[in-house]
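Each remark here refers to the structure printed beneath this line.
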Amino acid sequence: MMNNPSAPAIRFDKVSRHFGEVKAVDLVDLEIGDGEFFSMLGPSGSGKTTCLRMIAGFDRPTSGEIHLYGQDVSSLPPYDRDVNTVFQDYALFPHMNVEANIAYGLMVKNVPRQERIKHVEEMLELVQLSGFAGRKPSQLSGGQRQRVALARALINHPKVLLLDEPLGALDLKLRQQMQIELKAIQKRVGITFIFVTHDQEEAITMSDRIAVFNQGKIEQIGSPSDIYERPASSFVAGFVGTSNLVGGRIAKRTTGSEQTFSIRPEKIHIGSMSDKPASDMISLDGVIRDVIYLGLFTRYLIEIEDGVDLVVVEQNLKSTSMDVLSAKGHKVRLSWHRDHISRVGG
Amino acid sequence: MLNRISTYFYQRPKLVLALFLAPPMLYMLVVYLGSLFSLLINSFYSIDDFTGIIVREFTMRTYTQIFNITNREIVFRTATMALVVTIVDALIAFPLAYYIAKFASPRLKTWLLIAVTIPLWSSYLVRVYAWKLILAKEGILSWFISLFNLTGALEWLLGLPGIGGSSLSLSPIGMFIVFVYIWLPYMIIPIQTALERVPGSLLEASSDLGARPSQTFRTVILPLAFPGVVAGSIFTFSLTLGDFIIPLTLGNSKFFIGQAVYSYQGTGGNIPLAAAMTMGPVVIMVLYLLIARRLGAFDAI
């Protein structure tokens, strides 16, 4: 197998996957660089998992080509691809202990037993599970199974590691810890990680770049800050974090164009009616209709005019719950910087 | 009133459990284990050779009769047949069960499962006699074989010592065919159930880690389906061991255990010997289950 090390790790060339009438993946072009931590983000049914399964070889494109380091792998079976997967349900072999699970990839390649044991120990150390070699998967916690699945996939030193919502089944604390650990492991082994998730926070925390999927197509590819600060479409603005979408007459009044723009709730400043915003600021007047106290911050719902509400989030730096809750019904002047809006078309 | 009764039971979960369990437990103890126990007791009695009356005194004499050459041959013959039937049933059932569990669409799966179980709706006797007609000398099978000019091969097969006979319907080969057919559903269903429980992601993971399909089969599918194979083999093996209708209908003068028991207690009137003979399959099955447990067949249950 000839590989070109300077070629991108993964390249999608007009890849489509149709299930009958349904276009699960629709003419996707994509390049993922060597050593990148790349996330595929999107709601369920958006095509991200199908893309992952086509890279792994569990599914084949209806049309188009998938290249792995310059080699067309579209029609290769999974066992002939230098790619490994961490499954959503971990898919550990229940009849084998941790050691046999991790060594599986080496075992099927007839690597001698002594060497296998050595590599398994290295892997157990990498995922901090030394001493667990003899346990059965049923004797492990969710987080530990997750680590075994990771070790099992990494022992083959694949060119690309695919992770299919691997943290979905863990509780919040453990998930946050694993996010940091996964990123650290990825840096250490230097392998390209492709991470499928529907959790935007997870994608933003770990990724070098994110592709946002919607209805079989990629809406936007970019760094986490690109995606968050400059969403390319109203879908991205709405899916990644919360956004206020402003269009029509109000957009025209504030920006001079009817084109819809998005503004993040935390970028909006709530001021009093006597405020005189600077010239590079956009301002709108409204009435506080609802206040939701959330401890760390407060979420306000502010009515600009009939049927047009903006969500504004402010940190509770100096205010107490008494202060913020009494603000309900007050007239306020909202303002935000011109640079903080993002045109999303339409 | 009704409310008070339900509250009464709600507060006494152990009483509810006892009420639910008592009838089946009683049935198990009296009818099931009781009859087995009576069998065991009878096997230690003996028969007075002169009067033909059962002597109700503890003796091992009846058991020594089992180990005479005729009875040893009967046990060996039956166990061999049971083993071969089990192996062949497993080989036939596995691919079918695998297809039903992993490839068939839900619709096709329903139809295939109905097709597998439909023979169980009709009488076992009817099916055995139907096979007797199929296998008869002038039957449809020999006619079919003659169409391919293979009558010679059939005659050669029937000429084999030990398993041959005058026709398929009167030979161990014919019995074997019917045994394999009759017990096949009991092998397919447990294997299919076991395979059904193997998540598809395990097979994908194996392939993903570099295993070729044959390796995945050997290292993942087979070990996980093994409890199902053992469960199925318990049916096919024990049912063949104890059956007397098929040997009676299709066999020759060489007895099987079931036949021997039937004739000892019926025409022979020797109930102690029939009881002792029945203990043979029981002991064989206990040994079989112990070996199966050693092989880890019940680990996954």
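Labels for the structure tokens follow display order: chains A, B, ..., residues from 1 in each chain, ligands from 1.
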Quick one: contact table of chain B to chain A, 6 Å max, nearest atom pair and distance in Å to one decimal per residue, counting only C-alpha atoms, chain and number order, as a tab-separated table?
```
residue	atom	partner	partner_atom	distance
B:Ser201	CA	A:Ala91	CA	5.6
B:Leu202	CA	A:Ala91	CA	5.1
B:Ser207	CA	A:Tyr79	CA	5.1
B:Asp208	CA	A:Pro78	CA	5.1
B:Leu209	CA	A:Gly105	CA	4.8
B:Gly210	CA	A:Tyr79	CA	4.0
B:Ala211	CA	A:Val108	CA	5.5
```
Residues within 12 Å of Val283 (chain B), only C-alpha atoms, excluding chain neighbours under 6 positions, as a ChimeraX atom specification: /B:40,75,79,238,241,276-277,289-290
DSSP-assigned strand (DSSP E) among region 58-295 of chain A, expressed as a ChimeraX atom specification: /A:63-68,71-72,83-86,160-164,192-197,209-214,217-222,244-246,260-263,269-271,281-293
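Residue nearest Met175 (chain B) within the list B:Ser105, B:Gln215, B:Thr117, B:Asn252: B:Asn252 [criterion: smallest interatomic distance, only C-alpha atoms].
What separates CA of Ile246 (chain B) from CA of Phe179 (chain B) is a distance of 7.5 Å.
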Test item: residues at most 10 Å from Ile234 (chain B), only C-alpha atoms, excluding those fewer than 4 positions along its chain, as a ChimeraX atom specification: /B:86,186-187,228-230,238-240,285,288-289,292
Within 10 Å of region 92-102 of chain B using only C-alpha atoms, minus same-chain residues under 2 positions, as a PyMOL selection string: chain B and resi 86-90+104-106+108-113+116+180+184-200+221-222+225+228-229+232
Saved selection, atoms kept: N, CA and C atoms, as a CSV table (one decimal), in the first residue's frame:
```csv
chain,number,residue,atom,x,y,z
B,86,THR,N,-26.4,-34.9,17.1
B,86,THR,CA,-26.2,-33.5,17.7
B,86,THR,C,-25.2,-32.7,16.8
B,87,ILE,N,-24.1,-33.4,16.5
B,87,ILE,CA,-23.1,-32.7,15.7
B,87,ILE,C,-23.7,-32.2,14.3
B,88,VAL,N,-24.4,-33.1,13.7
B,88,VAL,CA,-24.9,-32.8,12.3
B,88,VAL,C,-26.0,-31.7,12.5
B,89,ASP,N,-26.8,-31.8,13.5
B,89,ASP,CA,-27.8,-30.8,13.7
B,89,ASP,C,-27.2,-29.4,13.9
B,90,ALA,N,-26.1,-29.4,14.7
B,90,ALA,CA,-25.4,-28.1,15.0
B,90,ALA,C,-24.8,-27.6,13.7
B,104,ALA,N,-31.3,-11.5,8.1
B,104,ALA,CA,-32.6,-11.4,7.6
B,104,ALA,C,-33.3,-10.1,8.0
B,105,SER,N,-34.1,-9.6,7.2
B,105,SER,CA,-34.9,-8.4,7.5
B,105,SER,C,-36.0,-8.9,8.6
B,106,PRO,N,-36.5,-7.9,9.4
B,106,PRO,CA,-37.4,-8.3,10.4
B,106,PRO,C,-38.6,-9.1,9.8
B,108,LEU,N,-38.6,-11.1,7.0
B,108,LEU,CA,-38.1,-12.4,6.6
B,108,LEU,C,-37.8,-13.2,7.8
B,109,LYS,N,-37.3,-12.6,8.9
B,109,LYS,CA,-37.0,-13.3,10.1
B,109,LYS,C,-38.2,-13.9,10.7
B,110,THR,N,-39.3,-13.2,10.7
B,110,THR,CA,-40.6,-13.8,11.3
B,110,THR,C,-41.0,-15.0,10.5
B,111,TRP,N,-40.9,-14.9,9.1
B,111,TRP,CA,-41.3,-16.0,8.3
B,111,TRP,C,-40.4,-17.2,8.5
B,112,LEU,N,-39.1,-16.9,8.6
B,112,LEU,CA,-38.2,-18.0,8.7
B,112,LEU,C,-38.4,-18.8,10.1
B,113,LEU,N,-38.6,-18.0,11.1
B,113,LEU,CA,-38.9,-18.6,12.4
B,113,LEU,C,-40.1,-19.4,12.4
B,116,VAL,N,-39.4,-22.6,10.7
B,116,VAL,CA,-38.6,-23.5,11.5
B,116,VAL,C,-39.5,-24.2,12.6
B,180,VAL,N,-32.2,-36.2,12.8
B,180,VAL,CA,-31.7,-34.9,12.5
B,180,VAL,C,-32.8,-34.0,12.1
B,184,LEU,N,-34.1,-30.8,14.7
B,184,LEU,CA,-33.4,-29.6,14.2
B,184,LEU,C,-33.9,-28.3,14.8
B,185,PRO,N,-35.3,-28.1,14.9
B,185,PRO,CA,-35.7,-26.8,15.4
B,185,PRO,C,-35.2,-26.5,16.8
B,186,TYR,N,-35.0,-27.6,17.6
B,186,TYR,CA,-34.5,-27.4,19.0
B,186,TYR,C,-33.1,-27.0,19.0
B,187,MET,N,-32.4,-27.1,17.9
B,187,MET,CA,-31.0,-26.6,17.8
B,187,MET,C,-31.0,-25.2,17.2
B,188,ILE,N,-31.8,-25.0,16.3
B,188,ILE,CA,-31.8,-23.7,15.6
B,188,ILE,C,-32.2,-22.5,16.6
B,189,ILE,N,-33.3,-22.7,17.3
B,189,ILE,CA,-33.8,-21.7,18.2
B,189,ILE,C,-32.8,-21.2,19.2
B,190,PRO,N,-32.2,-22.1,20.0
B,190,PRO,CA,-31.2,-21.6,21.0
B,190,PRO,C,-30.0,-20.9,20.4
B,191,ILE,N,-29.5,-21.4,19.2
B,191,ILE,CA,-28.4,-20.8,18.6
B,191,ILE,C,-28.8,-19.4,18.1
B,192,GLN,N,-30.0,-19.3,17.5
B,192,GLN,CA,-30.4,-18.0,17.0
B,192,GLN,C,-30.6,-17.0,18.1
B,193,THR,N,-31.1,-17.5,19.2
B,193,THR,CA,-31.3,-16.6,20.4
B,193,THR,C,-29.9,-16.1,20.9
B,194,ALA,N,-28.9,-17.0,21.0
B,194,ALA,CA,-27.6,-16.6,21.4
B,194,ALA,C,-27.0,-15.6,20.5
B,195,LEU,N,-27.1,-15.8,19.2
B,195,LEU,CA,-26.5,-14.9,18.2
B,195,LEU,C,-27.2,-13.6,18.2
B,196,GLU,N,-28.5,-13.6,18.4
B,196,GLU,CA,-29.3,-12.4,18.5
B,196,GLU,C,-28.8,-11.4,19.5
B,197,ARG,N,-28.2,-12.0,20.6
B,197,ARG,CA,-27.8,-11.2,21.7
B,197,ARG,C,-26.4,-10.7,21.5
B,198,VAL,N,-25.7,-11.1,20.4
B,198,VAL,CA,-24.4,-10.6,20.1
B,198,VAL,C,-24.5,-9.2,19.4
B,199,PRO,N,-24.1,-8.1,20.0
B,199,PRO,CA,-24.3,-6.8,19.3
B,199,PRO,C,-23.5,-6.7,18.0
B,200,GLY,N,-24.1,-6.1,17.0
B,200,GLY,CA,-23.5,-6.0,15.7
B,200,GLY,C,-22.1,-5.2,15.8
B,221,ILE,N,-17.7,-14.8,17.1
B,221,ILE,CA,-19.0,-15.3,16.9
B,221,ILE,C,-19.2,-16.7,17.6
B,222,LEU,N,-18.2,-17.6,17.3
B,222,LEU,CA,-18.4,-18.9,17.9
B,222,LEU,C,-18.4,-19.0,19.4
B,225,ALA,N,-21.6,-17.7,20.6
B,225,ALA,CA,-22.8,-18.5,20.3
B,225,ALA,C,-22.7,-19.9,21.0
B,228,GLY,N,-25.4,-21.2,23.2
B,228,GLY,CA,-26.6,-21.6,22.4
B,228,GLY,C,-26.5,-23.0,21.8
B,229,VAL,N,-25.3,-23.2,21.3
B,229,VAL,CA,-25.0,-24.6,20.8
B,229,VAL,C,-25.1,-25.6,21.9
B,232,GLY,N,-28.8,-26.1,22.7
B,232,GLY,CA,-29.4,-26.9,21.6
B,232,GLY,C,-29.0,-28.3,21.7
```
Polymer residues at most 10 Å from region 36-39 of chain B, only C-alpha atoms, same-chain spacing of 5 or more positions, as JSON, numbers by chain: {"B": [29, 30, 31, 44, 271, 272, 274, 275, 276, 278, 279, 282]}
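Proximity to Ile177 (chain B) at 10 Å, evaluated using only C-alpha atoms and with sequence-adjacent residues fewer than 4 positions away removed, yields Val85, Val88, Trp131, Leu135, Leu168, Ser169, Pro172, Ile173, Tyr181 and Ile182 of chain B.
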Spatial neighbours of Glu181 (chain A), 9 Å, only C-alpha atoms, chain gap at least 5 places, as number ranges by chain: A: 127, 176, 186
Contacts of region 201-316 of chain A with region 8-18 of chain A up to 12 Å, shortest pair per row, only C-alpha atoms, as CSV:
```
residue,atom,partner,partner_atom,distance
A:Gln215,CA,A:Arg17,CA,11.9
A:Gly216,CA,A:Ser16,CA,8.4
A:Lys217,CA,A:Ser16,CA,9.5
A:Ile218,CA,A:Val15,CA,11.5
```
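Atom pair CA of Lys118 (chain A) / CA of Phe217 (chain B): separated by 26.5 Å.
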DSSP alpha helix (DSSP H) residues within region 249-315 of chain A, as a VMD selection string: chain A and resid 249 to 255
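Minimum atom-to-atom distances from A:Ser130, A:Ser233, A:Ser283, A:Thr242 to Gln200 (chain A) were compared using only C-alpha atoms, and the lowest value belongs to A:Thr242.
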